[in-house]
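K.L.:
Contents are mmCIF, C-alpha atoms; chains and numbers go by the auth columns; file name coords16.cif:
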```cif
data_data
#
loop_
_atom_site.group_PDB
_atom_site.id
_atom_site.type_symbol
_atom_site.label_atom_id
_atom_site.label_comp_id
_atom_site.label_asym_id
_atom_site.label_seq_id
_atom_site.Cartn_x
_atom_site.Cartn_y
_atom_site.Cartn_z
_atom_site.B_iso_or_equiv
_atom_site.auth_seq_id
_atom_site.auth_asym_id
ATOM 1 C CA MET A 1 103.307 92.090 94.069 0.00 1001 Q
ATOM 2 C CA SER A 2 101.751 92.651 97.465 0.00 1002 Q
ATOM 3 C CA ASN A 3 101.813 90.058 100.225 0.00 1003 Q
ATOM 4 C CA LEU A 4 98.046 89.524 99.780 0.00 1004 Q
ATOM 5 C CA ASN A 5 98.480 88.931 96.041 0.00 1005 Q
ATOM 6 C CA ASP A 6 101.366 86.510 96.648 0.00 1006 Q
ATOM 7 C CA LYS A 7 99.306 84.511 99.132 0.00 1007 Q
ATOM 8 C CA ALA A 8 96.256 84.586 96.849 0.00 1008 Q
ATOM 9 C CA THR A 9 98.280 83.285 93.908 0.00 1009 Q
ATOM 10 C CA LYS A 10 99.703 80.452 96.015 0.00 1010 Q
ATOM 11 C CA ALA A 11 96.252 79.589 97.357 0.00 1011 Q
ATOM 12 C CA ALA A 12 94.778 79.651 93.843 0.00 1012 Q
ATOM 13 C CA SER A 13 97.539 77.308 92.655 0.00 1013 Q
ATOM 14 C CA ARG A 14 96.789 74.858 95.478 0.00 1014 Q
ATOM 15 C CA TYR A 15 93.069 75.116 94.741 0.00 1015 Q
ATOM 16 C CA LEU A 16 93.641 74.295 91.055 0.00 1016 Q
ATOM 17 C CA GLU A 17 96.007 71.404 91.843 0.00 1017 Q
ATOM 18 C CA HIS A 18 93.437 69.993 94.281 0.00 1018 Q
ATOM 19 C CA ARG A 19 90.958 69.961 91.392 0.00 1019 Q
ATOM 20 C CA GLY A 20 93.288 68.060 89.087 0.00 1020 Q
ATOM 21 C CA TYR A 21 94.945 70.914 87.197 0.00 1021 Q
ATOM 22 C CA THR A 22 98.691 70.875 86.595 0.00 1022 Q
ATOM 23 C CA VAL A 23 100.140 74.276 87.484 0.00 1023 Q
ATOM 24 C CA LEU A 24 102.799 75.156 84.907 0.00 1024 Q
ATOM 25 C CA GLU A 25 103.731 78.707 85.923 0.00 1025 Q
ATOM 26 C CA THR A 26 102.936 81.311 88.548 0.00 1026 Q
ATOM 27 C CA ALA A 27 103.528 85.043 88.151 0.00 1027 Q
ATOM 28 C CA TRP A 28 104.690 84.491 84.548 0.00 1028 Q
ATOM 29 C CA LYS A 29 105.934 87.753 83.022 0.00 1029 Q
ATOM 30 C CA CYS A 30 106.344 88.969 79.473 0.00 1030 Q
ATOM 31 C CA PRO A 31 106.362 92.412 77.820 0.00 1031 Q
ATOM 32 C CA ALA A 32 102.534 92.346 77.624 0.00 1032 Q
ATOM 33 C CA GLY A 33 102.164 91.850 81.385 0.00 1033 Q
ATOM 34 C CA THR A 34 101.915 89.140 84.042 0.00 1034 Q
ATOM 35 C CA CYS A 35 99.682 86.095 84.298 0.00 1035 Q
ATOM 36 C CA ASP A 36 99.055 84.994 87.881 0.00 1036 Q
ATOM 37 C CA VAL A 37 98.713 81.260 87.131 0.00 1037 Q
ATOM 38 C CA ILE A 38 99.115 79.208 83.972 0.00 1038 Q
ATOM 39 C CA ALA A 39 97.805 75.676 84.307 0.00 1039 Q
ATOM 40 C CA GLU A 40 96.897 72.651 82.252 0.00 1040 Q
ATOM 41 C CA ASP A 41 93.379 71.254 82.557 0.00 1041 Q
ATOM 42 C CA GLY A 42 93.090 68.159 80.386 0.00 1042 Q
ATOM 43 C CA ASP A 43 93.686 69.329 76.830 0.00 1043 Q
ATOM 44 C CA ALA A 44 93.465 73.049 77.696 0.00 1044 Q
ATOM 45 C CA ILE A 45 96.020 75.616 78.763 0.00 1045 Q
ATOM 46 C CA VAL A 46 94.321 77.894 81.278 0.00 1046 Q
ATOM 47 C CA PHE A 47 95.470 81.456 81.947 0.00 1047 Q
ATOM 48 C CA VAL A 48 94.158 82.464 85.372 0.00 1048 Q
ATOM 49 C CA ASP A 49 93.767 85.975 86.739 0.00 1049 Q
ATOM 50 C CA VAL A 50 93.673 85.991 90.555 0.00 1050 Q
ATOM 51 C CA SER A 51 92.198 88.799 92.625 0.00 1051 Q
ATOM 52 C CA ALA A 52 91.773 88.996 96.395 0.00 1052 Q
ATOM 53 C CA ARG A 53 90.177 91.239 98.964 0.00 1053 Q
ATOM 54 C CA ARG A 54 90.291 91.231 102.763 0.00 1054 Q
ATOM 55 C CA ASP A 55 87.193 93.330 103.421 0.00 1055 Q
ATOM 56 C CA ALA A 56 84.155 91.024 103.589 0.00 1056 Q
ATOM 57 C CA ASP A 57 81.822 94.024 103.725 0.00 1057 Q
ATOM 58 C CA LYS A 58 82.669 94.869 100.113 0.00 1058 Q
ATOM 59 C CA GLY A 59 82.216 91.298 98.870 0.00 1059 Q
ATOM 60 C CA PHE A 60 84.275 89.563 96.211 0.00 1060 Q
ATOM 61 C CA PRO A 61 86.672 91.546 94.025 0.00 1061 Q
ATOM 62 C CA SER A 62 85.259 92.564 90.679 0.00 1062 Q
ATOM 63 C CA GLU A 63 85.717 90.040 87.888 0.00 1063 Q
ATOM 64 C CA ARG A 64 84.767 92.343 85.043 0.00 1064 Q
ATOM 65 C CA CYS A 65 87.127 92.389 82.127 0.00 1065 Q
ATOM 66 C CA SER A 66 87.429 95.448 79.910 0.00 1066 Q
ATOM 67 C CA ALA A 67 88.341 95.197 76.236 0.00 1067 Q
ATOM 68 C CA GLY A 68 91.847 96.401 77.110 0.00 1068 Q
ATOM 69 C CA ALA A 69 92.269 93.777 79.834 0.00 1069 Q
ATOM 70 C CA ARG A 70 91.007 91.090 77.464 0.00 1070 Q
ATOM 71 C CA GLU A 71 93.518 92.138 74.819 0.00 1071 Q
ATOM 72 C CA ARG A 72 96.333 92.177 77.405 0.00 1072 Q
ATOM 73 C CA ARG A 73 95.441 88.661 78.586 0.00 1073 Q
ATOM 74 C CA GLU A 74 95.318 87.400 74.998 0.00 1074 Q
ATOM 75 C CA MET A 75 98.725 88.981 74.252 0.00 1075 Q
ATOM 76 C CA ILE A 76 100.177 87.283 77.346 0.00 1076 Q
ATOM 77 C CA ALA A 77 98.805 83.950 76.116 0.00 1077 Q
ATOM 78 C CA LEU A 78 100.339 84.505 72.672 0.00 1078 Q
ATOM 79 C CA ALA A 79 103.708 85.299 74.259 0.00 1079 Q
ATOM 80 C CA TRP A 80 103.527 82.167 76.432 0.00 1080 Q
ATOM 81 C CA PHE A 81 102.730 79.952 73.443 0.00 1081 Q
ATOM 82 C CA ALA A 82 105.573 81.556 71.471 0.00 1082 Q
ATOM 83 C CA GLU A 83 107.966 80.442 74.225 0.00 1083 Q
ATOM 84 C CA HIS A 84 106.403 76.979 74.571 0.00 1084 Q
ATOM 85 C CA GLU A 85 106.384 75.531 71.075 0.00 1085 Q
ATOM 86 C CA ASP A 86 105.775 72.053 72.522 0.00 1086 Q
ATOM 87 C CA ALA A 87 102.263 73.122 73.594 0.00 1087 Q
ATOM 88 C CA VAL A 88 100.378 72.163 70.430 0.00 1088 Q
ATOM 89 C CA ASP A 89 96.808 71.065 69.813 0.00 1089 Q
ATOM 90 C CA MET A 90 95.761 72.638 73.102 0.00 1090 Q
ATOM 91 C CA ALA A 91 92.602 74.600 73.726 0.00 1091 Q
ATOM 92 C CA VAL A 92 93.036 77.992 75.397 0.00 1092 Q
ATOM 93 C CA ARG A 93 90.881 79.192 78.267 0.00 1093 Q
ATOM 94 C CA PHE A 94 90.906 82.292 80.446 0.00 1094 Q
ATOM 95 C CA ASP A 95 89.646 81.828 84.008 0.00 1095 Q
ATOM 96 C CA ASN A 96 89.247 84.212 86.934 0.00 1096 Q
ATOM 97 C CA ILE A 97 89.670 83.283 90.566 0.00 1097 Q
ATOM 98 C CA ALA A 98 88.341 85.795 93.078 0.00 1098 Q
ATOM 99 C CA MET A 99 89.091 85.360 96.782 0.00 1099 Q
ATOM 100 C CA LEU A 100 87.536 86.892 99.816 0.00 1100 Q
ATOM 101 C CA VAL A 101 89.984 86.441 102.706 0.00 1101 Q
ATOM 102 C CA MET A 102 88.116 85.556 105.899 0.00 1102 Q
ATOM 103 C CA GLY A 103 91.104 85.149 108.222 0.00 1103 Q
ATOM 104 C CA ASP A 104 94.725 84.010 108.340 0.00 1104 Q
ATOM 105 C CA SER A 105 93.963 80.547 106.999 0.00 1105 Q
ATOM 106 C CA ARG A 106 90.491 80.856 105.438 0.00 1106 Q
ATOM 107 C CA ALA A 107 89.165 82.304 102.228 0.00 1107 Q
ATOM 108 C CA MET A 108 86.108 81.953 100.047 0.00 1108 Q
ATOM 109 C CA ILE A 109 86.964 81.257 96.433 0.00 1109 Q
ATOM 110 C CA ARG A 110 84.908 81.959 93.325 0.00 1110 Q
ATOM 111 C CA HIS A 111 86.304 80.219 90.227 0.00 1111 Q
ATOM 112 C CA HIS A 112 84.881 81.611 86.996 0.00 1112 Q
ATOM 113 C CA LEU A 113 85.716 79.189 84.192 0.00 1113 Q
ATOM 114 C CA ASN A 114 86.064 80.606 80.678 0.00 1114 Q
ATOM 115 C CA ALA A 115 85.676 84.152 81.995 0.00 1115 Q
ATOM 116 C CA LEU A 116 86.346 85.715 78.593 0.00 1116 Q
ATOM 117 C CA GLY A 117 83.974 83.395 76.777 0.00 1117 Q
ATOM 118 C CA GLY A 118 80.557 84.598 75.814 0.00 1118 Q
ATOM 119 C CA ASP A 119 77.328 83.295 74.499 0.00 1119 Q
ATOM 120 C CA ILE A 120 77.931 82.226 70.906 0.00 1120 Q
ATOM 121 C CA GLU A 121 75.179 84.628 69.771 0.00 1121 Q
ATOM 122 C CA GLN A 122 77.141 87.521 71.279 0.00 1122 Q
ATOM 123 C CA LEU A 123 80.271 86.538 69.396 0.00 1123 Q
ATOM 124 C CA GLN A 124 78.718 86.184 65.936 0.00 1124 Q
ATOM 125 C CA PRO A 125 77.064 88.912 63.865 0.00 1125 Q
ATOM 126 C CA ARG A 126 73.258 88.825 63.901 0.00 1126 Q
ATOM 127 C CA ALA A 127 72.937 88.800 60.102 0.00 1127 Q
ATOM 128 C CA ALA A 128 75.349 87.343 57.612 0.00 1128 Q
ATOM 129 C CA ALA A 129 77.385 90.018 55.886 0.00 1129 Q
ATOM 130 C CA VAL A 130 76.762 90.278 52.168 0.00 1130 Q
ATOM 131 C CA ILE A 131 79.874 90.937 50.143 0.00 1131 Q
ATOM 132 C CA PRO A 132 79.029 92.815 46.944 0.00 1132 Q
ATOM 133 C CA THR A 133 80.384 91.403 43.717 0.00 1133 Q
ATOM 134 C CA GLY A 134 80.223 92.174 40.003 0.00 1134 Q
ATOM 135 C CA ALA A 135 77.232 94.347 39.051 0.00 1135 Q
ATOM 136 C CA ASP A 136 76.476 95.045 42.726 0.00 1136 Q
ATOM 137 C CA LEU A 137 79.692 97.067 42.967 0.00 1137 Q
ATOM 138 C CA GLN A 138 78.370 99.545 40.384 0.00 1138 Q
ATOM 139 C CA THR A 139 75.456 100.439 42.651 0.00 1139 Q
ATOM 140 C CA LEU A 140 77.672 101.356 45.590 0.00 1140 Q
ATOM 141 C CA PRO A 141 78.229 105.128 46.037 0.00 1141 Q
ATOM 142 C CA GLU A 142 82.003 104.602 46.414 0.00 1142 Q
ATOM 143 C CA ALA A 143 82.191 103.022 42.940 0.00 1143 Q
ATOM 144 C CA ALA A 144 80.593 106.021 41.187 0.00 1144 Q
#
```
Would you put the structure from the file into structure tokens?
P.N.:
Amino acid sequence: MSNLNDKATKAASRYLEHRGYTVLETAWKCPAGTCDVIAEDGDAIVFVDVSARRDADKGFPSERCSAGARERREMIALAWFAEHEDAVDMAVRFDNIAMLVMGDSRAMIRHHLNALGGDIEQLQPRAAAVIPTGADLQTLPEAA
């Protein structure tokens, strides 16, 4: 991990603690990858991805999450819960913290809560799926 990433992870941990989170792990590693910060926020375990950039001209680091990155983050969460069997009845949340470093001791922070969450309409199919049964199966081409 680069010096900038180390400092960003430490700063993100302090930021979260200042807002009442309990930081449980930093730079937690498993075969699926690394989670920058794992924290507890009330009844939720929060897996935080931290990104940082020094160049203010380019703005904040991108917070987009591809399907592959989403799957990796979910696999990391599963591995963490497998090792922490005492963490039960906890909600799971994935946050992003993006930092724009302004100097040696200053940074702007953007905290995106529930970064992998989406509008409920995006997560559910538009129309209910109809499962064919009985006589309906005879009309399907595959059944002929």
K.L.:
Applying 9 Å and all atoms listed in the file, which residues near segment 1088-1097 of chain Q remain after dropping the ones on its own chain fewer than 6 positions away? List them as an MDAnalysis selection string.
P.N.:
chainID Q and resid 1012 1042:1052 1063 1073:1074 1077 1081 1109:1117
K.L.:
Would you export the selected residues with C-alpha atoms as an mmCIF file, keeping the file's coordinate frame, please?
P.N.:
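Everything below was put into result_7.cif:
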```
data_model
loop_
_atom_site.group_PDB
_atom_site.id
_atom_site.type_symbol
_atom_site.label_atom_id
_atom_site.label_comp_id
_atom_site.auth_asym_id
_atom_site.auth_seq_id
_atom_site.Cartn_x
_atom_site.Cartn_y
_atom_site.Cartn_z
ATOM 1 C CA ALA Q 1012 94.778 79.651 93.843
ATOM 2 C CA GLY Q 1042 93.090 68.159 80.386
ATOM 3 C CA ASP Q 1043 93.686 69.329 76.830
ATOM 4 C CA ALA Q 1044 93.465 73.049 77.696
ATOM 5 C CA ILE Q 1045 96.020 75.616 78.763
ATOM 6 C CA VAL Q 1046 94.321 77.894 81.278
ATOM 7 C CA PHE Q 1047 95.470 81.456 81.947
ATOM 8 C CA VAL Q 1048 94.158 82.464 85.372
ATOM 9 C CA ASP Q 1049 93.767 85.975 86.739
ATOM 10 C CA VAL Q 1050 93.673 85.991 90.555
ATOM 11 C CA SER Q 1051 92.198 88.799 92.625
ATOM 12 C CA ALA Q 1052 91.773 88.996 96.395
ATOM 13 C CA GLU Q 1063 85.717 90.040 87.888
ATOM 14 C CA ARG Q 1073 95.441 88.661 78.586
ATOM 15 C CA GLU Q 1074 95.318 87.400 74.998
ATOM 16 C CA ALA Q 1077 98.805 83.950 76.116
ATOM 17 C CA PHE Q 1081 102.730 79.952 73.443
ATOM 18 C CA ILE Q 1109 86.964 81.257 96.433
ATOM 19 C CA ARG Q 1110 84.908 81.959 93.325
ATOM 20 C CA HIS Q 1111 86.304 80.219 90.227
ATOM 21 C CA HIS Q 1112 84.881 81.611 86.996
ATOM 22 C CA LEU Q 1113 85.716 79.189 84.192
ATOM 23 C CA ASN Q 1114 86.064 80.606 80.678
ATOM 24 C CA ALA Q 1115 85.676 84.152 81.995
ATOM 25 C CA LEU Q 1116 86.346 85.715 78.593
ATOM 26 C CA GLY Q 1117 83.974 83.395 76.777
#
```
K.L.:
Within 9 Å of (98.4, 80.4, 86.4), only C-alpha atoms: residues as a PyMOL selection string?
P.N.:
chain Q and resi 1009+1012-1013+1023-1028+1035-1040+1046-1050
K.L.:
Which residues match the PyMOL selection byres ((chain Q and resi 1054) around 6) in the file above, as a VMD selection string?
P.N.:
chain Q and resid 1053 1055 1100 to 1101
K.L.:
Write to file, as a tab-separated table (two decimals), keeping the file's coordinate frame, the residues of the selection just made, with C-alpha atoms.
P.N.:
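Saved as part-v1.tsv:
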```
chain	number	residue	atom	x	y	z
Q	1053	ARG	CA	90.18	91.24	98.96
Q	1055	ASP	CA	87.19	93.33	103.42
Q	1100	LEU	CA	87.54	86.89	99.82
Q	1101	VAL	CA	89.98	86.44	102.71
```
K.L.:
Kindly indicate which residue among Q:Leu1016, Q:Phe1060, Q:Thr1022, Q:Arg1072 lies nearest to Met1108 of chain Q, using all atoms listed in the file for the distances.
P.N.:
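With all atoms listed in the file as the atom set, the closest residue is Q:Phe1060.
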K.L.:
Between atom CA of Cys1030 of chain Q and atom CA of Ala1087 of chain Q, measure the distance and give it in Å to one decimal.
P.N.:
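Atom CA of Ala1087 of chain Q lies 17.4 Å from atom CA of Cys1030 of chain Q.
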K.L.:
Calculated over all atoms listed in the file, which of the candidates Q:Arg1070, Q:Arg1106, Q:His1084, Q:Lys1058 has the smallest distance to Ala1032 of chain Q?
P.N.:
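Using all atoms listed in the file, Ala1032 of chain Q sits closest to Q:Arg1070.
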K.L.:
Expressed in Å to a single decimal, how great is the separation between atom CA of Ala1008 of chain Q and atom CA of Ala1069 of chain Q?
P.N.:
19.7 Å
K.L.:
Could you tell me how far atom CA of Lys1029 of chain Q sits from atom CA of Asp1006 of chain Q, in Å to one decimal place?
P.N.:
14.4 Å
